[in-house]
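Q: One file: query_21.txt (compact mmCIF, C-alpha atoms and all ligand atoms).
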# COMPACT_ATOMS: atom_id res chain seq x y z
CA MET A 5 0.00 0.00 0.00
CA ARG A 6 1.24 3.49 -0.88
CA ASN A 7 2.30 5.57 2.12
CA LEU A 8 0.53 8.91 2.59
CA PRO A 9 2.79 11.97 2.86
CA SER A 10 3.42 12.48 6.60
CA THR A 11 1.60 15.85 6.70
CA LEU A 12 -1.57 14.26 5.31
CA ALA A 13 -1.30 11.17 7.46
CA THR A 14 -1.12 13.19 10.69
CA LYS A 15 -3.92 15.62 9.97
CA ARG A 16 -7.12 14.78 11.78
CA GLY A 17 -10.04 16.64 13.22
CA LEU A 18 -12.21 19.54 12.16
CA GLY A 19 -11.90 23.24 12.79
CA LEU A 20 -15.17 25.06 13.50
CA LEU A 21 -15.42 28.77 12.74
CA GLY A 22 -18.70 30.38 13.70
CA GLY A 23 -19.62 33.92 12.83
CA THR A 24 -22.31 36.26 11.63
CA PHE A 25 -20.45 36.67 8.32
CA ASP A 26 -22.36 39.88 7.58
CA PRO A 27 -20.48 39.98 5.26
CA VAL A 28 -17.74 37.34 5.11
CA HIS A 29 -14.36 39.09 4.62
CA THR A 30 -10.71 38.22 4.14
CA GLY A 31 -10.08 38.47 7.91
CA HIS A 32 -12.35 35.43 8.38
CA LEU A 33 -10.58 33.46 5.65
CA CYS A 34 -7.11 34.40 6.94
CA LEU A 35 -8.18 33.27 10.42
CA ALA A 36 -9.35 29.91 9.05
CA SER A 37 -6.15 29.51 7.00
CA ALA A 38 -3.97 30.38 10.00
CA ALA A 39 -5.80 27.72 12.03
CA LEU A 40 -5.15 25.17 9.28
CA SER A 41 -1.44 26.06 9.32
CA ALA A 42 -1.08 25.95 13.11
CA ILE A 43 -3.29 22.95 13.92
CA PRO A 44 -3.18 19.64 12.00
CA LEU A 45 -6.83 19.83 10.85
CA VAL A 46 -8.39 18.12 7.86
CA ARG A 47 -10.56 21.18 7.09
CA VAL A 48 -12.42 24.11 8.63
CA GLU A 49 -16.21 24.19 8.74
CA LEU A 50 -17.77 27.66 8.64
CA PHE A 51 -20.98 28.06 10.65
CA PRO A 52 -23.04 31.11 9.71
CA ALA A 53 -25.12 31.98 12.80
CA GLY A 54 -28.91 31.79 12.54
CA GLU A 55 -29.99 34.37 15.10
CA PRO A 56 -26.86 35.64 16.87
CA TRP A 57 -28.26 36.56 20.30
CA GLN A 58 -25.64 39.24 20.99
CA LYS A 59 -26.24 41.13 17.71
CA SER A 60 -29.27 42.94 16.33
CA ARG A 61 -30.22 44.06 12.81
CA ILE A 62 -28.31 41.53 10.73
CA SER A 63 -28.79 40.62 7.07
CA SER A 64 -30.95 37.61 6.23
CA GLY A 65 -29.42 34.16 6.53
CA MET A 66 -29.94 33.71 2.79
CA HIS A 67 -27.76 36.72 1.87
CA ARG A 68 -25.05 35.81 4.40
CA LEU A 69 -24.99 32.22 3.17
CA ASN A 70 -24.88 33.25 -0.50
CA MET A 71 -21.90 35.54 0.19
CA LEU A 72 -20.09 32.77 2.07
CA ARG A 73 -20.70 30.36 -0.82
CA ILE A 74 -19.14 32.83 -3.25
CA ALA A 75 -16.15 33.44 -0.96
CA VAL A 76 -15.24 29.78 -0.45
CA GLU A 77 -16.27 28.34 -3.81
CA TYR A 78 -12.65 27.51 -4.72
CA GLU A 79 -11.40 26.78 -1.19
CA PRO A 80 -11.36 22.96 -0.88
CA LEU A 81 -10.29 23.06 2.79
CA PHE A 82 -13.26 25.21 3.86
CA ARG A 83 -16.78 23.85 4.01
CA ILE A 84 -20.00 25.64 4.95
CA ASN A 85 -22.13 24.02 7.64
CA THR A 86 -25.69 25.39 7.65
CA SER A 87 -26.85 23.71 10.87
CA GLU A 88 -27.11 26.99 12.82
CA LEU A 89 -29.11 28.62 10.03
CA ARG A 90 -31.57 25.72 10.10
CA ARG A 91 -32.12 25.90 13.89
CA ILE A 92 -35.01 27.96 15.19
CA GLY A 93 -34.41 30.48 17.99
CA PRO A 94 -31.23 32.14 19.24
CA THR A 95 -27.96 30.56 18.10
CA TYR A 96 -25.96 29.23 21.05
CA THR A 97 -22.57 27.69 20.29
CA ILE A 98 -23.03 25.11 23.05
CA ASP A 99 -25.97 23.62 21.10
CA THR A 100 -23.94 23.56 17.88
CA VAL A 101 -20.98 21.74 19.41
CA LYS A 102 -23.20 19.25 21.28
CA ASN A 103 -25.03 18.37 18.07
CA LEU A 104 -21.83 18.08 16.08
CA ARG A 105 -20.22 15.86 18.71
CA GLU A 106 -23.23 13.53 18.47
CA GLU A 107 -22.90 13.47 14.69
CA VAL A 108 -19.16 12.73 14.49
CA GLY A 109 -18.87 10.43 17.52
CA PRO A 110 -16.56 10.60 20.55
CA ALA A 111 -13.16 10.18 18.86
CA MET A 112 -12.94 12.95 16.25
CA PRO A 113 -10.95 16.00 17.40
CA LEU A 114 -13.05 19.17 17.09
CA VAL A 115 -11.49 22.61 17.45
CA LEU A 116 -13.58 25.75 17.95
CA ILE A 117 -11.69 28.67 16.38
CA LEU A 118 -12.13 32.14 17.85
CA GLY A 119 -10.72 35.62 17.32
CA ILE A 120 -9.53 37.07 20.59
CA ASP A 121 -12.54 39.41 20.84
CA GLN A 122 -14.73 36.30 21.16
CA TRP A 123 -12.26 34.60 23.52
CA LEU A 124 -12.41 37.63 25.83
CA ASN A 125 -16.20 37.56 25.60
CA LEU A 126 -16.50 33.81 26.17
CA SER A 127 -17.76 33.93 29.76
CA THR A 128 -20.91 35.77 28.57
CA TRP A 129 -21.90 32.79 26.37
CA LYS A 130 -24.56 30.27 27.41
CA ASN A 131 -23.01 27.34 29.35
CA TRP A 132 -19.56 28.47 28.20
CA ALA A 133 -17.61 26.37 30.70
CA GLU A 134 -19.16 23.20 29.20
CA LEU A 135 -17.83 23.92 25.70
CA THR A 136 -14.61 21.98 26.34
CA ASN A 137 -16.64 18.85 27.14
CA TYR A 138 -17.31 18.71 23.41
CA VAL A 139 -14.51 20.63 21.63
CA HIS A 140 -11.08 22.19 22.03
CA ILE A 141 -10.81 25.97 21.78
CA ALA A 142 -8.10 27.71 19.73
CA TYR A 143 -7.95 31.50 19.73
CA CYS A 144 -5.91 34.03 17.90
CA ARG A 145 -4.97 37.73 18.26
CA ARG A 146 -7.12 40.10 16.22
CA GLU A 147 -5.67 43.32 14.86
CA GLY A 148 -7.50 46.35 16.21
CA THR A 149 -9.11 44.59 19.20
CA VAL A 150 -8.73 46.41 22.50
CA GLU A 151 -7.79 43.55 24.78
CA LYS A 152 -9.75 43.80 28.02
CA PRO A 153 -8.71 41.54 30.94
CA ILE A 154 -9.90 37.93 30.95
CA PRO A 155 -12.42 37.36 33.79
CA ASP A 156 -10.89 35.52 36.80
CA GLN A 157 -13.31 32.60 36.52
CA GLN A 158 -12.27 32.06 32.89
CA ILE A 159 -8.56 32.16 33.81
CA ALA A 160 -9.14 29.55 36.54
CA TRP A 161 -11.20 27.35 34.20
CA ALA A 162 -8.58 27.53 31.41
CA ALA A 163 -5.49 27.04 33.60
CA ASP A 164 -5.14 23.26 33.41
CA LYS A 165 -6.34 23.05 29.78
CA ILE A 166 -3.66 25.11 28.02
CA THR A 167 -1.60 23.32 25.39
CA ALA A 168 0.25 23.93 22.11
CA PRO A 169 -1.91 24.28 18.95
CA GLU A 170 -0.21 21.35 17.21
CA ALA A 171 -1.08 19.07 20.17
CA LEU A 172 -4.83 19.72 19.98
CA THR A 173 -5.67 16.92 17.58
CA GLN A 174 -4.06 14.27 19.78
CA MET A 175 -7.33 14.06 21.72
CA PRO A 176 -10.97 14.79 20.87
CA ALA A 177 -11.71 17.77 23.15
CA GLY A 178 -10.92 19.56 26.39
CA ARG A 179 -7.82 21.67 25.66
CA ILE A 180 -7.21 25.35 24.89
CA ALA A 181 -4.46 26.80 22.69
CA GLN A 182 -3.43 30.14 21.27
CA PHE A 183 -2.17 30.31 17.69
CA GLU A 184 -0.72 33.04 15.50
CA MET A 185 -2.02 34.73 12.38
CA ALA A 186 -0.59 37.58 10.34
CA PRO A 187 -2.51 40.65 11.58
CA HIS A 188 -5.52 41.53 9.42
CA ARG A 189 -7.65 44.59 10.14
CA ALA A 190 -10.85 43.54 8.32
CA SER A 191 -14.07 43.83 10.29
CA ALA A 192 -17.64 43.40 9.10
CA THR A 193 -18.76 46.43 11.13
CA GLU A 194 -16.20 48.59 9.31
CA ILE A 195 -17.24 47.14 5.94
CA ARG A 196 -20.93 47.89 6.58
CA ARG A 197 -20.09 51.41 7.81
CA THR A 198 -17.87 52.15 4.79
CA ILE A 199 -20.41 50.88 2.25
CA SER A 200 -23.25 52.84 3.86
CA THR A 201 -21.33 56.12 3.93
CA GLN A 202 -19.25 56.17 0.73
CA PRO A 203 -20.10 55.85 -2.97
CA TYR A 204 -19.67 52.20 -3.97
CA ALA A 205 -16.48 52.63 -6.05
CA GLN A 206 -14.83 54.71 -3.33
CA ALA A 207 -15.93 52.25 -0.63
CA MET A 208 -14.25 49.41 -2.53
CA LYS A 209 -11.01 51.42 -2.67
CA THR A 210 -11.22 52.19 1.05
CA LEU A 211 -11.83 48.53 1.86
CA ASP A 212 -8.70 47.60 -0.09
CA GLY A 213 -9.28 43.94 -0.80
CA TRP A 214 -11.18 43.05 2.39
CA LEU A 215 -14.00 41.63 0.24
CA HIS A 216 -13.87 38.84 -2.35
CA PRO A 217 -14.76 40.54 -5.69
CA GLY A 218 -17.79 38.27 -6.10
CA VAL A 219 -19.01 39.18 -2.61
CA ALA A 220 -18.52 42.89 -3.35
CA GLN A 221 -20.59 42.45 -6.52
CA TYR A 222 -23.30 40.56 -4.58
CA ILE A 223 -23.51 43.40 -2.04
CA ARG A 224 -23.92 45.92 -4.83
CA SER A 225 -26.50 44.02 -6.82
CA HIS A 226 -28.65 43.29 -3.74
CA GLY A 227 -28.23 46.76 -2.27
CA LEU A 228 -26.93 45.42 1.03
CA TYR A 229 -25.69 47.86 3.68
CA GLY A 230 -27.14 50.79 1.74
CA ALA A 231 -24.90 50.14 -1.28
CA MET A 232 -27.53 51.30 -3.82
CA ARG A 233 -28.00 54.74 -2.32
CA HIS A 234 -24.97 56.31 -4.01
P1 LIG B 1 -18.85 42.32 13.26
O1 LIG B 1 -17.91 43.47 12.99
O2 LIG B 1 -20.20 42.42 12.61
O3 LIG B 1 -18.93 41.99 14.75
P2 LIG B 1 -16.76 40.44 12.57
O4 LIG B 1 -15.93 41.08 11.51
O5 LIG B 1 -16.22 40.46 13.98
O6 LIG B 1 -18.24 41.03 12.55
P3 LIG B 1 -17.83 37.80 12.86
O7 LIG B 1 -18.59 37.10 11.80
O8 LIG B 1 -18.58 38.25 14.04
O9 LIG B 1 -17.04 39.00 12.11
O10 LIG B 1 -16.55 36.96 13.31
C1 LIG B 1 -16.46 35.57 13.31
C2 LIG B 1 -15.13 35.17 13.94
O11 LIG B 1 -14.04 35.68 13.15
C3 LIG B 1 -14.91 35.74 15.35
O12 LIG B 1 -14.30 34.74 16.15
C4 LIG B 1 -13.99 36.91 15.13
O13 LIG B 1 -13.17 37.17 16.26
C5 LIG B 1 -13.14 36.41 13.97
N1 LIG B 1 -12.59 37.48 13.15
C6 LIG B 1 -13.27 38.32 12.36
N2 LIG B 1 -12.44 39.19 11.73
C7 LIG B 1 -11.19 38.87 12.13
C8 LIG B 1 -9.88 39.40 11.84
N3 LIG B 1 -9.73 40.45 11.02
N4 LIG B 1 -8.81 38.82 12.43
C9 LIG B 1 -8.97 37.77 13.28
N5 LIG B 1 -10.17 37.23 13.61
C10 LIG B 1 -11.27 37.77 13.04
So, in terms of structure tokens, how does the structure I just supplied come out?
Ligand code: ATP
A:
Amino acid sequence: MRNLPSTLATKRGLGLLGGTFDPVHTGHLCLASAALSAIPLVRVELFPAGEPWQKSRISSGMHRLNMLRIAVEYEPLFRINTSELRRIGPTYTIDTVKNLREEVGPAMPLVLILGIDQWLNLSTWKNWAELTNYVHIAYCRREGTVEKPIPDQQIAWAADKITAPEALTQMPAGRIAQFEMAPHRASATEIRRTISTQPYAQAMKTLDGWLHPGVAQYIRSHGLYGAMRH
């Protein structure tokens, strides 16, 4: 039997990147790529949130999903998982990871990928301390985030779980790691603000490659974020 190249043979487990993706931008894709480089994952699954309970006034799930599809069409290591969009009621990550763990069984390593803004916010999430019963957590610095202190209870909870990113896939769940990514300033809030306040062509210059060209075109043709007003 032919031997697999060692890098392929040792990759196991799935990365999970949840987000509102309103819209998906290159910061999201760089984060997912950095996770794939730092952690021996087979692929990253992108979970567009159904009803993100900490955000109001978001675009429809259909638009957010269509933009994600355009952005990852030629990215074989990224896959879109629509389970949160199909669930009724507020989207809680704990429900997503419980369901996924049931689907994949007890042995598959699962790694929840977070930007540091979400890591610092973690203790506001529903049943947050139970997340590591189902998945690992890997978080990454985010350019432009003002880093507030981590709550004491989260520090205590994380203390005996910290490991190196490359070690995460040696077990199914329960560990926490920090990994590196080249700083990327993209933010969906900034994209929405720029598109709503500048003529489309100027907004695209200001955003300087933060949007996939097909996503930018989708935003324009559907008049998202006020894009038709100029
Ligand atoms: P918004 O500005 O609407 O809050 P966002 O740009 O933060 O949106 P989300 O869809 O909420 O995007 O983010 C999903 C995940 O991607 C989060 O864990 C977030 O921290 C991370 N993320 C988003 N942009 C970046 C970036 N530029 N660098 C690193 N991580 C990022």
Q: Between A:Thr95, A:Thr30, A:Thr173, A:Asn131, which is the closest to ligand LIG 1 (chain B) once you count only C-alpha atoms and all ligand atoms?
A: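 Among the listed residues, A:Thr30 lies closest to ligand LIG 1 (chain B).
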Q: Taking all atoms listed in the file into account, list the residues no farther than 10 Å from ligand LIG 1 (chain B), as a VMD selection string.
A: chain A and resid 21 to 36 38 50 to 53 56 58 to 60 62 68 116 to 125 143 to 149 184 to 197 214
Q: Can you work out the spacing between CA of Leu228 in chain A and CA of Leu69 in chain A in Å, to one decimal?
A: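 Separation between CA of Leu228 in chain A and CA of Leu69 in chain A: 13.5 Å.
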Q: Hey, what's within 12 Å of Leu20 in chain A if we count all atoms listed in the file and toss same-chain stuff fewer than 2 positions away? As a ChimeraX atom specification, please?
A: /A:17-18,22-23,32,35-37,39-40,45-52,81-85,97,100-101,104-105,113-118,138-143
Q: Nearest to Thr198 in chain A among A:Ala171, A:Ala181, A:Ile98, A:Ala231, with distances taken over only C-alpha atoms: which residue is it?
A: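 Among the listed residues, the smallest separation from Thr198 in chain A belongs to A:Ala231.
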Q: Have range 192-203 of chain A completed to all heavy atoms, please, and pass it along as a compact mmCIF listing (two decimals), in the coordinates of the input.
A:
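Generated file (part-v5.txt):
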# COMPACT_ATOMS: atom_id res chain seq x y z
N ALA A 192 -16.37 43.26 9.81
CA ALA A 192 -17.64 43.40 9.10
C ALA A 192 -18.31 44.72 9.46
O ALA A 192 -18.95 45.35 8.61
CB ALA A 192 -18.54 42.21 9.43
N THR A 193 -18.17 45.15 10.71
CA THR A 193 -18.76 46.43 11.13
C THR A 193 -18.19 47.56 10.28
O THR A 193 -18.91 48.42 9.77
CB THR A 193 -18.45 46.71 12.62
OG1 THR A 193 -18.98 45.63 13.39
CG2 THR A 193 -19.06 48.01 13.10
N GLU A 194 -16.87 47.55 10.09
CA GLU A 194 -16.20 48.59 9.31
C GLU A 194 -16.63 48.52 7.84
O GLU A 194 -16.83 49.54 7.19
CB GLU A 194 -14.68 48.39 9.47
CG GLU A 194 -13.82 49.51 8.96
CD GLU A 194 -14.16 50.88 9.56
OE1 GLU A 194 -14.64 50.93 10.71
OE2 GLU A 194 -13.96 51.88 8.86
N ILE A 195 -16.80 47.31 7.34
CA ILE A 195 -17.24 47.14 5.94
C ILE A 195 -18.65 47.73 5.77
O ILE A 195 -18.91 48.50 4.85
CB ILE A 195 -17.21 45.65 5.54
CG1 ILE A 195 -15.76 45.17 5.46
CG2 ILE A 195 -17.95 45.41 4.22
CD1 ILE A 195 -15.60 43.66 5.32
N ARG A 196 -19.55 47.38 6.69
CA ARG A 196 -20.93 47.89 6.58
C ARG A 196 -20.94 49.42 6.69
O ARG A 196 -21.63 50.10 5.94
CB ARG A 196 -21.82 47.28 7.68
CG ARG A 196 -22.02 45.78 7.53
CD ARG A 196 -23.13 45.27 8.45
NE ARG A 196 -22.87 45.51 9.85
CZ ARG A 196 -22.19 44.69 10.68
NH1 ARG A 196 -21.69 43.55 10.21
NH2 ARG A 196 -22.01 44.99 11.94
N ARG A 197 -20.13 49.95 7.61
CA ARG A 197 -20.09 51.41 7.81
C ARG A 197 -19.56 52.08 6.54
O ARG A 197 -20.11 53.07 6.06
CB ARG A 197 -19.20 51.74 9.00
CG ARG A 197 -19.37 53.15 9.54
CD ARG A 197 -18.30 53.49 10.58
NE ARG A 197 -16.96 53.43 10.02
CZ ARG A 197 -16.42 54.32 9.20
NH1 ARG A 197 -17.12 55.38 8.85
NH2 ARG A 197 -15.20 54.18 8.72
N THR A 198 -18.49 51.54 5.97
CA THR A 198 -17.87 52.15 4.79
C THR A 198 -18.84 52.13 3.60
O THR A 198 -19.01 53.13 2.90
CB THR A 198 -16.57 51.40 4.43
OG1 THR A 198 -15.73 51.40 5.58
CG2 THR A 198 -15.84 52.04 3.27
N ILE A 199 -19.51 50.99 3.40
CA ILE A 199 -20.41 50.88 2.25
C ILE A 199 -21.62 51.80 2.41
O ILE A 199 -22.13 52.35 1.44
CB ILE A 199 -20.83 49.41 2.04
CG1 ILE A 199 -19.60 48.62 1.57
CG2 ILE A 199 -21.97 49.28 1.04
CD1 ILE A 199 -19.82 47.13 1.41
N SER A 200 -22.05 52.01 3.67
CA SER A 200 -23.25 52.84 3.86
C SER A 200 -22.92 54.33 3.79
O SER A 200 -23.83 55.14 3.66
CB SER A 200 -23.93 52.52 5.19
OG SER A 200 -23.14 52.99 6.25
N THR A 201 -21.65 54.69 3.87
CA THR A 201 -21.33 56.12 3.93
C THR A 201 -20.54 56.63 2.72
O THR A 201 -20.34 57.82 2.58
CB THR A 201 -20.52 56.47 5.20
OG1 THR A 201 -19.36 55.63 5.23
CG2 THR A 201 -21.34 56.27 6.47
N GLN A 202 -20.05 55.71 1.87
CA GLN A 202 -19.25 56.17 0.73
C GLN A 202 -19.85 55.65 -0.57
O GLN A 202 -20.44 54.57 -0.59
CB GLN A 202 -17.80 55.64 0.85
CG GLN A 202 -17.07 56.16 2.07
CD GLN A 202 -15.63 55.63 2.15
OE1 GLN A 202 -15.10 55.04 1.21
NE2 GLN A 202 -15.01 55.84 3.29
N PRO A 203 -19.67 56.39 -1.68
CA PRO A 203 -20.10 55.85 -2.97
C PRO A 203 -19.41 54.49 -3.19
O PRO A 203 -18.28 54.30 -2.74
CB PRO A 203 -19.58 56.89 -3.98
CG PRO A 203 -19.39 58.13 -3.18
CD PRO A 203 -19.06 57.71 -1.77
